[in-house]
Amino acid sequence: MSSLFTPTAAGAIHLPNRIVMAPMTRSRAVQNAAPNALVEEYYAQRASAGLILTEGVATSDNGLGYARTPSIHTPEQIEAWSRVVNAVHAKGGRIAVQLMHVGRIAHPANKAAEARTVAPSAIAAKGAMWTDAQGMQPMPTPEALSTAEVRAVVDEFAQAARNAKAAGFDGIELHSANGYLPNQFLSPNSNQRTDEYGGSPENRIRFVLEVIDAMTAAWEPGRIGIRLSPAGTFNDINDPDANITYPLLATELAKRNLAWVHIVKPNTPNFTEWAAIRANFPGTLIVNLGLTKETGEKLIDSKEADLVSYGSLYISNPDLPERFQSNAPLAAPDPATFYTPGPEGYTTYPALT
Ligand SMILES: Cc1cc2nc3c(=O)[nH]c(=O)nc-3n(C[C@H](O)[C@H](O)[C@H](O)COP(=O)(O)O)c2cc1C
């Protein structure tokens with residue numbers, strides 16, 4: 001039998017297989033940043049995954065930056081997420097919410113009127129983003145958070161962890177990858193602070209560790225994981241010290257008995273941070289990017305990963321584990337409908353009967 005189908009656990013969560021649905025923003029939350037019935041159907045269709053990781057879900061209005069993306073801080077949003085969780089549980093699945101704060105990767109046209117765009121430092125990210133009202137727009141220069149405001153953002157994550165628990169999720173993944181707020185703290189090009197959150201690697205990892213500590217106190221470590229993209233450059237991130245930052249962070253995370261670390265590996269041949277994280281973090285490791293059934297299996301067999309996650313393949317193959325198991329053909333995803341509203345390209349990919 002393929003090693004992808006050996007049962008295991010990630011912290012307190014029992015998994016019947018090692019296939020994880022990677023977190024993917026799909027921009028179908030059309031009202032009040034809450035998921036709707038279409039979102040319930042989409043995740044329920046994918047319930048045979050070992051673990052579903054939701055799209056990035058904002059902890060506050062300031063933390064939301066893309067069009068039609070969801071949050072989990074109002075009673076309406078928490079209630080709506082509990083319906084998504086129930087739909088997945090009813091089909092025997094497991095689902096963890098990816099908690100996200102976009103920081104400087106935002107545009108005011110996508111945000112509530114009173115929301116602010118905040119980041120470690122007042123440095124704009126190079127690049128543009130989609131807004132429904134104004135099309136593509138350059139990302140503005142964010143406001144630098146004061147030291148007291150940094151602590152308030154940590155508190156927002158703790159509250160979101162309580163909200164996730166109340167909604168019935170099986171766990172939480174902190175989105176500390178791909179250039180969003182936690183990653184902006186980790187990286188010296190976006191974090192030029194002079195207080196205890198900036199400068200040395202010890203200071204740059206402080207925000208992430210405070211968020212992890214606040215979330216594990218709000219729930220329990222066996223329910224909390226983290227996603228990292230060491231050496232990643234997406235969303236204008238550049239950390240020339242990644243070979244110091246990430247092993248140090250992994251060592252600190254190892255002390256906290258987290259449920260998992262989820263690595264997005266860069267497309268570079270000499271990616272030494274991965275081995276260093278594996279060496280320094282004894283817990284469950286999920287690995288992502290560009291995997292097939294065969295390359296995923298290889299990572300499990302060689303013990304370079306405990307779980308493997310699939311992104312774009314999960315868009316077009318709701319029954320991905322069943323297809324892997326029976327060597328069935330895979331459907332190709334259509335990028336034109338990745339972020340468009342409505343069911344087309346979202347809930348319309350059929351399972352094999
Ligand atoms: C449409 C789309 C939306 C995504 N949104 C997120 C997200 O919200 N959070 C995140 O951590 N990664 C996000 N990603 C990255 C995926 O989780 C994954 O890392 C990426 O697709 C590479 O894996 P793959 O080669 O299996 O597709 C997104 C990817 C896609 C294609």
# chains A, B, ... in the order shown; residues from 1 in each chain; ligands from 1
call {"tool": "residues_near_ligand", "arguments": {"ligand": "ligand 1", "cutoff": "6 Å", "atoms": "only C-alpha atoms and all ligand atoms", "output": "list in words"}}
result
Ala22, Pro23, Met24, Thr25, Arg26, Glu55, Gly56, His175, Val264, Asn288, Leu289, Gly290, Leu291, Tyr310, Gly311, Ser312 and Phe338 of chain A
call {"tool": "write_last_selection", "arguments": {"atoms": "C-alpha atoms", "output": "CSV table (one decimal), in the first residue's frame"}}
result
chain,number,residue,atom,x,y,z
A,22,ALA,CA,-3.2,23.1,1.2
A,23,PRO,CA,-4.7,26.4,2.2
A,24,MET,CA,-6.1,28.3,-0.8
A,25,THR,CA,-7.8,31.7,-1.0
A,26,ARG,CA,-10.8,31.3,-3.3
A,55,GLU,CA,-8.0,29.4,2.9
A,56,GLY,CA,-6.4,32.2,4.9
A,175,HIS,CA,0.0,31.7,8.2
A,264,VAL,CA,6.4,25.8,1.5
A,288,ASN,CA,4.3,21.5,0.0
A,289,LEU,CA,4.8,22.8,-3.5
A,290,GLY,CA,4.6,21.1,-6.8
A,291,LEU,CA,4.1,17.6,-5.5
A,310,TYR,CA,-1.5,19.6,-2.4
A,311,GLY,CA,-2.9,23.0,-3.6
A,312,SER,CA,-3.9,23.4,-7.2
A,338,PHE,CA,-9.3,30.5,-9.1
call {"tool": "select_by_dssp", "arguments": {"residues": "segment 65-292 of chain A", "states": "helix (DSSP H, G or I)", "output": "PyMOL selection string"}}
result
chain A and resi 75-90+108-110+147-167+181-186+201-204+206-218+221-223+242-254+272-280
call {"tool": "residues_around", "arguments": {"residues": "segment 107-113 of chain A", "least_positions_apart": "5", "cutoff": "12 Å", "atoms": "only C-alpha atoms", "output": "VMD selection string"}}
result
chain A and resid 27 30 to 33 58 60 to 71 102 118 124 to 125 127 to 142
call {"tool": "closest_residue", "arguments": {"among": "A:Trp219, A:Trp81, A:Phe234, A:Tyr197", "to": "Lys165 of chain A", "atoms": "only C-alpha atoms"}}
result
A:Trp219
call {"tool": "atom_distance", "arguments": {"atom1": "atom CA of Pro188 of chain A", "atom2": "atom CA of Val150 of chain A"}}
result
16.7 Å
call {"tool": "residues_around", "arguments": {"residues": "segment 275-283 of chain A", "least_positions_apart": "6", "cutoff": "10 Å", "atoms": "only C-alpha atoms", "output": "VMD selection string"}}
result
chain A and resid 10 to 11 230 243 to 244 246 to 261 263 303 to 306
call {"tool": "write_last_selection", "arguments": {"atoms": "N, CA and C atoms", "output": "PDB file, in the first residue's frame"}}
result
ATOM      1  N   ALA A  10      -1.401  14.422  13.784  1.00  0.00           N
ATOM      2  CA  ALA A  10      -0.730  15.720  13.851  1.00  0.00           C
ATOM      3  C   ALA A  10      -1.179  16.330  15.178  1.00  0.00           C
ATOM      4  N   GLY A  11      -0.297  16.276  16.179  1.00  0.00           N
ATOM      5  CA  GLY A  11      -0.700  16.725  17.509  1.00  0.00           C
ATOM      6  C   GLY A  11      -1.873  15.904  18.000  1.00  0.00           C
ATOM      7  N   PRO A 230      10.506  29.361   4.246  1.00  0.00           N
ATOM      8  CA  PRO A 230      11.897  29.798   4.419  1.00  0.00           C
ATOM      9  C   PRO A 230      12.516  30.064   3.055  1.00  0.00           C
ATOM     10  N   ASN A 243      18.989  31.330   6.499  1.00  0.00           N
ATOM     11  CA  ASN A 243      19.668  30.145   7.055  1.00  0.00           C
ATOM     12  C   ASN A 243      19.949  30.290   8.553  1.00  0.00           C
ATOM     13  N   ILE A 244      19.767  31.505   9.085  1.00  0.00           N
ATOM     14  CA  ILE A 244      19.875  31.710  10.542  1.00  0.00           C
ATOM     15  C   ILE A 244      18.476  31.815  11.146  1.00  0.00           C
ATOM     16  N   TYR A 246      15.442  30.732  10.223  1.00  0.00           N
ATOM     17  CA  TYR A 246      14.511  29.599  10.279  1.00  0.00           C
ATOM     18  C   TYR A 246      14.960  28.456  11.191  1.00  0.00           C
ATOM     19  N   PRO A 247      16.235  28.067  11.189  1.00  0.00           N
ATOM     20  CA  PRO A 247      16.657  27.077  12.186  1.00  0.00           C
ATOM     21  C   PRO A 247      16.433  27.573  13.621  1.00  0.00           C
ATOM     22  N   LEU A 248      16.668  28.872  13.856  1.00  0.00           N
ATOM     23  CA  LEU A 248      16.431  29.434  15.190  1.00  0.00           C
ATOM     24  C   LEU A 248      14.947  29.354  15.539  1.00  0.00           C
ATOM     25  N   LEU A 249      14.112  29.730  14.579  1.00  0.00           N
ATOM     26  CA  LEU A 249      12.660  29.670  14.807  1.00  0.00           C
ATOM     27  C   LEU A 249      12.219  28.224  15.050  1.00  0.00           C
ATOM     28  N   ALA A 250      12.749  27.281  14.264  1.00  0.00           N
ATOM     29  CA  ALA A 250      12.371  25.865  14.437  1.00  0.00           C
ATOM     30  C   ALA A 250      12.752  25.374  15.831  1.00  0.00           C
ATOM     31  N   THR A 251      13.910  25.792  16.315  1.00  0.00           N
ATOM     32  CA  THR A 251      14.357  25.387  17.658  1.00  0.00           C
ATOM     33  C   THR A 251      13.387  25.906  18.709  1.00  0.00           C
ATOM     34  N   GLU A 252      12.944  27.139  18.547  1.00  0.00           N
ATOM     35  CA  GLU A 252      11.993  27.725  19.511  1.00  0.00           C
ATOM     36  C   GLU A 252      10.621  27.045  19.393  1.00  0.00           C
ATOM     37  N   LEU A 253      10.192  26.768  18.152  1.00  0.00           N
ATOM     38  CA  LEU A 253       8.886  26.110  17.963  1.00  0.00           C
ATOM     39  C   LEU A 253       8.901  24.710  18.573  1.00  0.00           C
ATOM     40  N   ALA A 254      10.067  24.041  18.502  1.00  0.00           N
ATOM     41  CA  ALA A 254      10.186  22.675  19.031  1.00  0.00           C
ATOM     42  C   ALA A 254       9.887  22.638  20.534  1.00  0.00           C
ATOM     43  N   LYS A 255      10.177  23.736  21.225  1.00  0.00           N
ATOM     44  CA  LYS A 255       9.931  23.781  22.680  1.00  0.00           C
ATOM     45  C   LYS A 255       8.449  23.878  22.997  1.00  0.00           C
ATOM     46  N   ARG A 256       7.629  24.131  21.973  1.00  0.00           N
ATOM     47  CA  ARG A 256       6.222  24.461  22.222  1.00  0.00           C
ATOM     48  C   ARG A 256       5.255  23.332  21.879  1.00  0.00           C
ATOM     49  N   ASN A 257       5.769  22.159  21.504  1.00  0.00           N
ATOM     50  CA  ASN A 257       4.908  20.974  21.268  1.00  0.00           C
ATOM     51  C   ASN A 257       3.778  21.225  20.281  1.00  0.00           C
ATOM     52  N   LEU A 258       4.092  21.946  19.206  1.00  0.00           N
ATOM     53  CA  LEU A 258       3.053  22.262  18.220  1.00  0.00           C
ATOM     54  C   LEU A 258       2.610  21.016  17.464  1.00  0.00           C
ATOM     55  N   ALA A 259       1.412  21.103  16.894  1.00  0.00           N
ATOM     56  CA  ALA A 259       0.865  19.973  16.140  1.00  0.00           C
ATOM     57  C   ALA A 259       1.626  19.758  14.828  1.00  0.00           C
ATOM     58  N   TRP A 260       2.047  20.829  14.170  1.00  0.00           N
ATOM     59  CA  TRP A 260       2.809  20.670  12.920  1.00  0.00           C
ATOM     60  C   TRP A 260       3.539  21.947  12.531  1.00  0.00           C
ATOM     61  N   VAL A 261       4.569  21.742  11.694  1.00  0.00           N
ATOM     62  CA  VAL A 261       5.172  22.822  10.911  1.00  0.00           C
ATOM     63  C   VAL A 261       4.944  22.456   9.448  1.00  0.00           C
ATOM     64  N   ILE A 263       5.889  23.458   5.644  1.00  0.00           N
ATOM     65  CA  ILE A 263       6.878  24.220   4.870  1.00  0.00           C
ATOM     66  C   ILE A 263       6.462  24.328   3.414  1.00  0.00           C
ATOM     67  N   LYS A 303      11.262   9.820   4.847  1.00  0.00           N
ATOM     68  CA  LYS A 303      11.078  10.495   6.150  1.00  0.00           C
ATOM     69  C   LYS A 303      11.524  11.958   6.119  1.00  0.00           C
ATOM     70  N   GLU A 304      11.528  12.550   4.908  1.00  0.00           N
ATOM     71  CA  GLU A 304      11.780  13.989   4.818  1.00  0.00           C
ATOM     72  C   GLU A 304      10.525  14.773   5.183  1.00  0.00           C
ATOM     73  N   ALA A 305       9.366  14.110   5.132  1.00  0.00           N
ATOM     74  CA  ALA A 305       8.090  14.736   5.512  1.00  0.00           C
ATOM     75  C   ALA A 305       7.229  13.672   6.189  1.00  0.00           C
ATOM     76  N   ASP A 306       6.307  14.125   7.051  1.00  0.00           N
ATOM     77  CA  ASP A 306       5.323  13.211   7.654  1.00  0.00           C
ATOM     78  C   ASP A 306       4.001  13.281   6.902  1.00  0.00           C
TER      79      ASP A 306
END
call {"tool": "select_by_dssp", "arguments": {"residues": "segment 175-301 of chain A", "states": "strand (DSSP E or B)", "output": "VMD selection string"}}
result
chain A and resid 175 to 176 224 to 228 260 to 264 284 to 288
call {"tool": "closest_atom_pairs", "arguments": {"of": "segment 202-264 of chain A", "to": "segment 84-98 of chain A", "cutoff": "9 Å", "atoms": "only C-alpha atoms", "output": "tab-separated table"}}
result
residue	atom	partner	partner_atom	distance
A:Arg223	CA	A:Ala96	CA	8.5
A:Ile224	CA	A:Ala96	CA	8.9
A:Ile226	CA	A:Gln98	CA	8.7
A:Arg227	CA	A:Gln98	CA	8.8
call {"tool": "closest_residue", "arguments": {"among": "A:Val208, A:Ala328, A:Met215, A:Leu307", "to": "Met21 of chain A", "atoms": "only C-alpha atoms"}}
result
A:Leu307
call {"tool": "closest_residue", "arguments": {"among": "A:Ile19, A:Ala218, A:Ala80, A:Leu53", "to": "Asn36 of chain A", "atoms": "only C-alpha atoms"}}
result
A:Ala80
call {"tool": "residues_around", "arguments": {"residues": "Pro266 of chain A", "least_positions_apart": "5", "cutoff": "12 Å", "atoms": "only C-alpha atoms", "output": "PyMOL selection string"}}
result
chain A and resi 177-178+228-234+271-274+287-290
call {"tool": "write_last_selection", "arguments": {"atoms": "C-alpha atoms", "output": "PDB file, in the first residue's frame"}}
result
ATOM      1  CA  ALA A 177       4.504  32.197   5.037  1.00  0.00           C
ATOM      2  CA  ASN A 178       4.258  33.894   1.638  1.00  0.00           C
ATOM      3  CA  LEU A 228       6.554  28.849   6.898  1.00  0.00           C
ATOM      4  CA  SER A 229       8.191  29.667   3.568  1.00  0.00           C
ATOM      5  CA  PRO A 230      11.897  29.798   4.419  1.00  0.00           C
ATOM      6  CA  ALA A 231      13.862  31.518   1.662  1.00  0.00           C
ATOM      7  CA  GLY A 232      10.590  32.405  -0.091  1.00  0.00           C
ATOM      8  CA  THR A 233      10.426  35.665  -2.039  1.00  0.00           C
ATOM      9  CA  PHE A 234       6.681  35.843  -2.828  1.00  0.00           C
ATOM     10  CA  PHE A 271      17.300  24.651   0.064  1.00  0.00           C
ATOM     11  CA  THR A 272      19.189  23.830   3.246  1.00  0.00           C
ATOM     12  CA  GLU A 273      16.655  25.421   5.642  1.00  0.00           C
ATOM     13  CA  TRP A 274      14.328  22.456   5.156  1.00  0.00           C
ATOM     14  CA  VAL A 287       5.833  19.696   2.998  1.00  0.00           C
ATOM     15  CA  ASN A 288       4.310  21.523   0.022  1.00  0.00           C
ATOM     16  CA  LEU A 289       4.844  22.763  -3.481  1.00  0.00           C
ATOM     17  CA  GLY A 290       4.554  21.129  -6.830  1.00  0.00           C
TER      18      GLY A 290
END
call {"tool": "atom_distance", "arguments": {"atom1": "atom CA of Pro343 of chain A", "atom2": "atom CA of Pro35 of chain A"}}
result
13.2 Å
call {"tool": "atom_distance", "arguments": {"atom1": "atom CA of Leu352 of chain A", "atom2": "atom CA of Ala332 of chain A"}}
result
13.9 Å
call {"tool": "closest_residue", "arguments": {"among": "A:Ile315, A:Ile123, A:Ala9, A:Leu320", "to": "Tyr346 of chain A", "atoms": "only C-alpha atoms"}}
result
A:Ile315
